[in-house]
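Student: Please see the structure below; I have some questions.
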Amino acid sequence: MLKVSKFGQKVAAVSGIGQLMDDLGCALADGRHILMLGGGNPAHIPEVQKYFRRSMLELLEDKGQFEQAIGNYDPPQGNKRFIEAVSTLLNNEFGWNIKTKNIALTNGSQSAFFILFNLFAGTFEDGAKKKILFPLAPEYIGYSDVGLVKNLFVANKPQIQHINNHIFKYHIDFDRLKITDEIGAVCVSRPTNPTGNVLTDSEIEKLSDLACENNTPLIIDNAYGTPFPNIIFTDARPIWNENIILCMSLSKLGLPAARTGIVIANEEIIDMVSKINAVMSLAPGGIGAAIALNLVHSGEIIRLSQDIIKPFYQKKAADAVEQLAEQLDGIDFHIHRPEGAFFLWLWLRDLPISDAELYQRLKKRGVLVVPGHYFFPGLKEQWRHRKECIRINYAQDKETVSKGLEIIADEVKQVYKAKS
Ligand SMILES: Cc1ncc(COP(=O)(O)O)c(C=O)c1O
């Protein structure tokens, strides 16, 4: 067997999520018609794609622009014109005071998390070992394996608010939340993947105050948030200050292949992110910035997000909840209130089999979801709940989602029936 460093052993090892992604990919590739309610792909929304196509055509037709976009490396901080446009947009929208020195681009926000988590957690020069704290698990699966060292994360169990018999919401349990010296940074996704939760304004303010008091950066993953792609169905106020690292992305807008992440933070952090960009990839790719530049510059990206993207997903969420509620009648099921992103988080209380077995059974029937237990990075406590949930992506076309949900409901009913 090839001998590799600890870095290789850790990062190139077989990870749960790596295996799952392979499994999802192979299932799709084996020629059967698969109902893909797994993965995190955004929908292909024709009205939105029209804008990207138009941007691309303008880029091609505008003399010299296309050659500039493909022919030059950007600086390690990222494309200057795009950064300027983003800072102006955010300042106009939210009255912030963001300068271009507060923004760096990365090759997708996933790369930003790799950089940030390993900057603020791991082994420090004085020998201290620090971790990233997730105040509320479940949390995004993609964070799980980005640590260069083992055990980089700690997470807290949430409080559960039952909104009605079948709808619930997770809240941060502030009584249990301790930002000790061991914590290098705090991180939340808002809206949250996998649950569609949107932390309330008061939760996020409290978290920000706590982080500030403890001199610990607060990372807010805004991949689905405002002002773009704005897949938020509640009234959530975005916040930023010198202690907050806000991570955004062009992916969920409909440009995941462009690999464009946007980090907004204090100058010192942006300087470090830029330097790490230079080492890791010389410069972030510029195609996403080139396609989105005019949309950001004109502010059209906000209208697109508000008038097309948000209602598109909101309708899909409502349809999916309605169908599941009808078809799971008689089962002790609970759906996290969909407040944003494009996932339904289905909790099947006292599920007689594990979420992993349910995943396998659904796969046999041609439906792919993601088993819930992957979404608890850093949670040490035993908790049955984590094996009672699945994540369902409802971004696909109506027929696919509806057929998929029908099979999920039928399989779940069979599982409970076999027990009784
Ligand atoms: C919550 C969250 N954060 C970050 C990402 C990473 O997105 P990207 O690297 O495409 O910007 C995703 C992708 O699914 C996500 O769901």
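To be explicit about the labels: the chains of the structure tokens are called A, B, and onward in the order shown, and within each one the residues are counted from 1, while ligands get numbers from 1 in the order they are shown.
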Just want the 9 Å neighbourhood of Ile115 (chain A), counted on only C-alpha atoms, with same-chain residues fewer than 3 positions away dropped. Output as a list in words.

Tutor: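 The neighbour list is Gln110, Ser111, Ala112, Asn118, Leu119, Phe120, Val146, Val273, Ile276 and Asn277 of chain A.
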
Student: Can I get the residues close to ligand 1 as a ChimeraX atom specification, where close means within 6 Å and we count only C-alpha atoms and all ligand atoms?

Tutor: /A:40,108-110,140,189,192-193,221,223,249,251,256,259,261

Student: Mind pulling up the distance from CA of Thr216 (chain A) to CA of Asn151 (chain A)?

Tutor: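 According to the coordinates, CA of Asn151 (chain A) and CA of Thr216 (chain A) are separated by 18.8 Å.
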
Student: Contacts of region 68-76 of chain A at 9 Å or less, counting only C-alpha atoms, minus same-chain residues fewer than 2 places along, as a list in words?

Tutor: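 Neighbouring residues, sequence-local ones excluded: Leu59, Gly64, Gln65, Phe66, Gly78, Asn79, Lys80, Ala104, Leu105, Thr106, Val273, Ser274, Lys275, Ile276, Asn277, Ala278, Val279, Ser281, Leu282, Ala283, Pro284, Gly285, Gly286, Ile287, Ala289 and Ala290 of chain A.
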
Student: Taking only C-alpha atoms into account, name the residue in A:Ser202, A:Asn107, A:Ser298, A:Ser305 that is nearest to Phe228 (chain A).

Tutor: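 Comparing A:Ser202, A:Asn107, A:Ser298, A:Ser305 against Phe228 (chain A), the winner is A:Ser305.
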
Student: Show which residues sit within 10 Å of Ile83 (chain A), as a PyMOL selection string. Count only C-alpha atoms, and ignore same-chain residues fewer than 6 positions away.

Tutor: chain A and resi 77+89+99-105+262+289+293+296

Student: Now that the selection is made, can you save its residues with N, CA, C and O atoms as a short mmCIF file (atom, residue, chain, number, x, y, z; two decimals), in the first residue's frame?

Tutor:
```cif
data_model
loop_
_atom_site.label_atom_id
_atom_site.label_comp_id
_atom_site.auth_asym_id
_atom_site.auth_seq_id
_atom_site.Cartn_x
_atom_site.Cartn_y
_atom_site.Cartn_z
N GLN A 77 -6.59 37.45 -4.39
CA GLN A 77 -7.82 37.86 -3.68
C GLN A 77 -9.06 37.64 -4.56
O GLN A 77 -10.17 37.54 -4.05
N LEU A 89 -22.84 46.37 -3.78
CA LEU A 89 -24.18 45.78 -3.66
C LEU A 89 -24.54 45.56 -2.18
O LEU A 89 -25.64 45.91 -1.73
N LYS A 99 -15.41 47.24 2.56
CA LYS A 99 -14.46 47.75 1.57
C LYS A 99 -13.98 46.56 0.73
O LYS A 99 -14.19 45.40 1.12
N THR A 100 -13.33 46.87 -0.36
CA THR A 100 -12.86 45.76 -1.20
C THR A 100 -11.84 44.90 -0.44
O THR A 100 -11.70 43.72 -0.71
N LYS A 101 -11.18 45.51 0.55
CA LYS A 101 -10.21 44.74 1.34
C LYS A 101 -10.89 43.73 2.26
O LYS A 101 -10.23 42.96 2.95
N ASN A 102 -12.23 43.83 2.35
CA ASN A 102 -12.98 42.89 3.21
C ASN A 102 -13.51 41.69 2.43
O ASN A 102 -14.30 40.91 2.96
N ILE A 103 -13.12 41.56 1.17
CA ILE A 103 -13.69 40.47 0.36
C ILE A 103 -12.59 39.70 -0.36
O ILE A 103 -11.68 40.30 -0.94
N ALA A 104 -12.70 38.37 -0.32
CA ALA A 104 -11.84 37.53 -1.16
C ALA A 104 -12.71 36.47 -1.82
O ALA A 104 -13.72 36.05 -1.25
N LEU A 105 -12.31 36.06 -3.02
CA LEU A 105 -13.02 34.98 -3.69
C LEU A 105 -12.26 33.67 -3.46
O LEU A 105 -11.05 33.69 -3.23
N ILE A 262 -17.41 33.47 -2.03
CA ILE A 262 -17.12 34.87 -1.66
C ILE A 262 -16.99 34.93 -0.14
O ILE A 262 -17.93 34.56 0.58
N ALA A 289 -17.10 34.93 -11.79
CA ALA A 289 -17.12 36.38 -11.58
C ALA A 289 -17.46 37.09 -12.89
O ALA A 289 -18.24 38.05 -12.90
N LEU A 293 -20.75 39.30 -13.14
CA LEU A 293 -20.37 40.70 -12.89
C LEU A 293 -21.50 41.70 -13.18
O LEU A 293 -21.88 42.49 -12.32
N VAL A 296 -24.47 41.54 -10.83
CA VAL A 296 -24.20 42.12 -9.51
C VAL A 296 -24.12 43.65 -9.64
O VAL A 296 -24.71 44.39 -8.86
#
```

Student: Residues near Ile244 (chain A), anyone? I mean within 9 Å using only C-alpha atoms, not counting same-chain ones fewer than 2 positions away, as a PyMOL selection string.

Tutor: chain A and resi 208+211-212+217-220+239-242+246+264-266

Student: Selected residues, N, CA, C and O atoms, written as a compact mmCIF listing (two decimals), in the first residue's frame, please.

Tutor:
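Writing the result to part06.txt gives the following:
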```txt
# COMPACT_ATOMS: atom_id res chain seq x y z
N SER A 208 -23.59 36.05 17.88
CA SER A 208 -22.57 37.02 17.50
C SER A 208 -22.00 37.70 18.75
O SER A 208 -20.78 37.87 18.88
N ALA A 211 -19.76 35.23 20.59
CA ALA A 211 -18.49 35.04 19.87
C ALA A 211 -17.58 36.24 20.11
O ALA A 211 -16.39 36.08 20.40
N CYS A 212 -18.17 37.45 20.03
CA CYS A 212 -17.39 38.68 20.26
C CYS A 212 -16.79 38.70 21.66
O CYS A 212 -15.60 38.96 21.84
N PRO A 217 -13.98 34.20 16.20
CA PRO A 217 -14.75 34.55 14.99
C PRO A 217 -16.01 33.71 14.84
O PRO A 217 -16.03 32.53 15.23
N LEU A 218 -17.04 34.34 14.30
CA LEU A 218 -18.28 33.62 13.98
C LEU A 218 -18.36 33.50 12.46
O LEU A 218 -18.40 34.51 11.75
N ILE A 219 -18.37 32.25 11.97
CA ILE A 219 -18.47 32.01 10.52
C ILE A 219 -19.94 31.75 10.20
O ILE A 219 -20.55 30.86 10.78
N ILE A 220 -20.50 32.56 9.32
CA ILE A 220 -21.90 32.33 8.90
C ILE A 220 -21.88 31.90 7.44
O ILE A 220 -21.43 32.64 6.56
N ILE A 239 -26.44 39.70 9.10
CA ILE A 239 -25.56 40.61 9.85
C ILE A 239 -24.10 40.38 9.45
O ILE A 239 -23.72 39.30 9.01
N TRP A 240 -23.35 41.45 9.62
CA TRP A 240 -21.90 41.36 9.42
C TRP A 240 -21.23 42.37 10.35
O TRP A 240 -21.76 43.47 10.58
N ASN A 241 -20.13 41.97 10.94
CA ASN A 241 -19.27 42.92 11.65
C ASN A 241 -17.86 42.39 11.56
O ASN A 241 -17.63 41.33 10.96
N GLU A 242 -16.92 43.09 12.15
CA GLU A 242 -15.51 42.73 12.00
C GLU A 242 -15.18 41.35 12.58
O GLU A 242 -14.16 40.77 12.26
N LEU A 246 -18.52 36.08 6.78
CA LEU A 246 -19.72 35.71 6.04
C LEU A 246 -19.28 35.03 4.74
O LEU A 246 -18.51 35.61 3.97
N ILE A 264 -16.38 37.30 3.20
CA ILE A 264 -16.43 38.69 3.65
C ILE A 264 -15.99 38.71 5.11
O ILE A 264 -16.63 38.08 5.96
N ALA A 265 -14.90 39.38 5.37
CA ALA A 265 -14.33 39.34 6.74
C ALA A 265 -13.44 40.55 6.96
O ALA A 265 -13.25 41.36 6.05
N ASN A 266 -12.87 40.63 8.17
CA ASN A 266 -11.97 41.76 8.41
C ASN A 266 -10.70 41.61 7.56
O ASN A 266 -10.38 40.53 7.07
```

Student: With only C-alpha atoms as the atoms that count, which of A:Lys417, A:His297, A:Arg365, A:Arg386 lies nearest to Ala85 (chain A)?

Tutor: A:His297

Student: Between A:Ala185, A:Ile408, A:Ala318, A:Ala341, single out the one closest to Gln360 (chain A), counting only C-alpha atoms.

Tutor: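 For Gln360 (chain A), the nearest of the candidates is A:Ile408.
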
Student: Which residue, A:Gly122, A:Gly288, A:Leu405, A:His171, has the smallest gap to Glu326 (chain A) when you use only C-alpha atoms?

Tutor: A:Leu405

Student: What's the 8 Å shell around Phe52 (chain A), counting only C-alpha atoms, without same-chain residues fewer than 3 positions away, as a ChimeraX atom specification?

Tutor: /A:48-49,55-56,291-292

Student: Extract the full set of helix (DSSP H, G or I) residues from region 89-326 of chain A according to DSSP on the backbone, and format it as a PyMOL selection string.

Tutor: chain A and resi 89-94+100-102+109-120+141-143+201-213+251-254+256-258+267-281+287-298+300-326

Student: So which residues of region 182-294 of chain A fall under strand (DSSP E or B) by DSSP, listed as a VMD selection string?

Tutor: chain A and resid 183 to 189 218 to 221 232 244 to 249 261 to 264

Student: Could you turn the residues from that selection into a file that holds N, CA and C atoms, as a PDB file, in the first residue's frame?

Tutor:
```pdb
ATOM      1  N   ILE A 183     -12.206  26.579  21.798  1.00  0.00           N
ATOM      2  CA  ILE A 183     -12.924  26.886  20.553  1.00  0.00           C
ATOM      3  C   ILE A 183     -12.180  27.950  19.748  1.00  0.00           C
ATOM      4  N   GLY A 184     -11.852  27.608  18.495  1.00  0.00           N
ATOM      5  CA  GLY A 184     -11.121  28.540  17.637  1.00  0.00           C
ATOM      6  C   GLY A 184     -12.053  29.398  16.793  1.00  0.00           C
ATOM      7  N   ALA A 185     -13.216  28.857  16.454  1.00  0.00           N
ATOM      8  CA  ALA A 185     -14.236  29.607  15.713  1.00  0.00           C
ATOM      9  C   ALA A 185     -15.570  28.886  15.862  1.00  0.00           C
ATOM     10  N   VAL A 186     -16.635  29.676  15.665  1.00  0.00           N
ATOM     11  CA  VAL A 186     -17.998  29.124  15.743  1.00  0.00           C
ATOM     12  C   VAL A 186     -18.552  29.175  14.324  1.00  0.00           C
ATOM     13  N   CYS A 187     -19.300  28.151  13.929  1.00  0.00           N
ATOM     14  CA  CYS A 187     -19.808  28.150  12.546  1.00  0.00           C
ATOM     15  C   CYS A 187     -21.253  27.670  12.467  1.00  0.00           C
ATOM     16  N   VAL A 188     -22.060  28.401  11.707  1.00  0.00           N
ATOM     17  CA  VAL A 188     -23.442  27.966  11.432  1.00  0.00           C
ATOM     18  C   VAL A 188     -23.756  28.186   9.960  1.00  0.00           C
ATOM     19  N   SER A 189     -24.575  27.300   9.400  1.00  0.00           N
ATOM     20  CA  SER A 189     -25.110  27.610   8.066  1.00  0.00           C
ATOM     21  C   SER A 189     -26.515  28.173   8.266  1.00  0.00           C
ATOM     22  N   LEU A 218     -17.044  34.342  14.296  1.00  0.00           N
ATOM     23  CA  LEU A 218     -18.280  33.616  13.980  1.00  0.00           C
ATOM     24  C   LEU A 218     -18.364  33.498  12.457  1.00  0.00           C
ATOM     25  N   ILE A 219     -18.367  32.245  11.970  1.00  0.00           N
ATOM     26  CA  ILE A 219     -18.468  32.009  10.523  1.00  0.00           C
ATOM     27  C   ILE A 219     -19.943  31.754  10.202  1.00  0.00           C
ATOM     28  N   ILE A 220     -20.504  32.563   9.320  1.00  0.00           N
ATOM     29  CA  ILE A 220     -21.897  32.330   8.902  1.00  0.00           C
ATOM     30  C   ILE A 220     -21.882  31.897   7.442  1.00  0.00           C
ATOM     31  N   ASP A 221     -22.350  30.680   7.229  1.00  0.00           N
ATOM     32  CA  ASP A 221     -22.389  30.136   5.870  1.00  0.00           C
ATOM     33  C   ASP A 221     -23.707  30.554   5.235  1.00  0.00           C
ATOM     34  N   ILE A 232     -34.680  32.050   1.200  1.00  0.00           N
ATOM     35  CA  ILE A 232     -35.094  32.198   2.597  1.00  0.00           C
ATOM     36  C   ILE A 232     -36.566  32.558   2.610  1.00  0.00           C
ATOM     37  N   ILE A 244     -17.340  38.800  12.254  1.00  0.00           N
ATOM     38  CA  ILE A 244     -18.106  37.785  11.505  1.00  0.00           C
ATOM     39  C   ILE A 244     -17.430  37.507  10.168  1.00  0.00           C
ATOM     40  N   ILE A 245     -17.368  36.230   9.831  1.00  0.00           N
ATOM     41  CA  ILE A 245     -16.870  35.843   8.504  1.00  0.00           C
ATOM     42  C   ILE A 245     -18.085  35.310   7.750  1.00  0.00           C
ATOM     43  N   LEU A 246     -18.518  36.084   6.778  1.00  0.00           N
ATOM     44  CA  LEU A 246     -19.722  35.707   6.037  1.00  0.00           C
ATOM     45  C   LEU A 246     -19.276  35.033   4.743  1.00  0.00           C
ATOM     46  N   CYS A 247     -19.756  33.799   4.526  1.00  0.00           N
ATOM     47  CA  CYS A 247     -19.344  33.074   3.320  1.00  0.00           C
ATOM     48  C   CYS A 247     -20.527  32.972   2.371  1.00  0.00           C
ATOM     49  N   MET A 248     -20.313  33.415   1.149  1.00  0.00           N
ATOM     50  CA  MET A 248     -21.378  33.354   0.145  1.00  0.00           C
ATOM     51  C   MET A 248     -20.889  32.541  -1.052  1.00  0.00           C
ATOM     52  N   SER A 249     -21.802  32.324  -1.993  1.00  0.00           N
ATOM     53  CA  SER A 249     -21.453  31.454  -3.115  1.00  0.00           C
ATOM     54  C   SER A 249     -22.345  31.773  -4.303  1.00  0.00           C
ATOM     55  N   GLY A 261     -16.760  31.112  -4.643  1.00  0.00           N
ATOM     56  CA  GLY A 261     -17.140  31.417  -3.270  1.00  0.00           C
ATOM     57  C   GLY A 261     -16.711  32.843  -2.950  1.00  0.00           C
ATOM     58  N   ILE A 262     -17.410  33.474  -2.025  1.00  0.00           N
ATOM     59  CA  ILE A 262     -17.121  34.873  -1.659  1.00  0.00           C
ATOM     60  C   ILE A 262     -16.992  34.929  -0.137  1.00  0.00           C
ATOM     61  N   VAL A 263     -15.825  35.363   0.350  1.00  0.00           N
ATOM     62  CA  VAL A 263     -15.621  35.460   1.803  1.00  0.00           C
ATOM     63  C   VAL A 263     -15.592  36.937   2.184  1.00  0.00           C
ATOM     64  N   ILE A 264     -16.384  37.299   3.198  1.00  0.00           N
ATOM     65  CA  ILE A 264     -16.431  38.692   3.646  1.00  0.00           C
ATOM     66  C   ILE A 264     -15.993  38.706   5.109  1.00  0.00           C
TER      67      ILE A 264
END
```

Student: Tell me, as an NGL selection string, which residues lie within 10 Å of Tyr359 (chain A), counting only C-alpha atoms; anything in the same chain fewer than 2 positions away does not count.

Tutor: :A and (354-357 or 361-365 or 367-372 or 390 or 408)

Student: Have a look at A:Arg391, A:Lys3, A:Lys131, A:Lys206 and name the one nearest to Gly39 (chain A); count only C-alpha atoms.

Tutor: A:Arg391

Student: Kindly indicate which residue among A:His162, A:Lys178, A:Lys310, A:His44 lies nearest to Thr226 (chain A), using only C-alpha atoms for the distances.

Tutor: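 Checking each candidate against Thr226 (chain A), we get A:Lys310 as the closest.
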
Student: What separation in Å, quoted to one decimal, exists between CA of Leu37 (chain A) and CA of Leu324 (chain A)?

Tutor: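 It comes out at 13.9 Å.
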
Student: Kindly assemble as a Markdown table a list of the region 66-181 of chain A residues that lie within 8 Å of region 8-26 of chain A, each paired with its nearest atom pair and their distance in Å to one decimal, using only C-alpha atoms, sorted first by chain and then by ascending residue number.

Tutor:
```
| residue | atom | partner | partner_atom | distance |
| --- | --- | --- | --- | --- |
| A:Ile141 | CA | A:Ile17 | CA | 7.4 |
| A:Gly142 | CA | A:Ile17 | CA | 8.0 |
| A:Asp145 | CA | A:Val11 | CA | 7.0 |
| A:Val146 | CA | A:Val11 | CA | 7.3 |
| A:Gly147 | CA | A:Val11 | CA | 7.7 |
| A:Leu148 | CA | A:Lys10 | CA | 6.7 |
| A:Val149 | CA | A:Lys10 | CA | 7.0 |
| A:Lys150 | CA | A:Lys10 | CA | 7.4 |
```
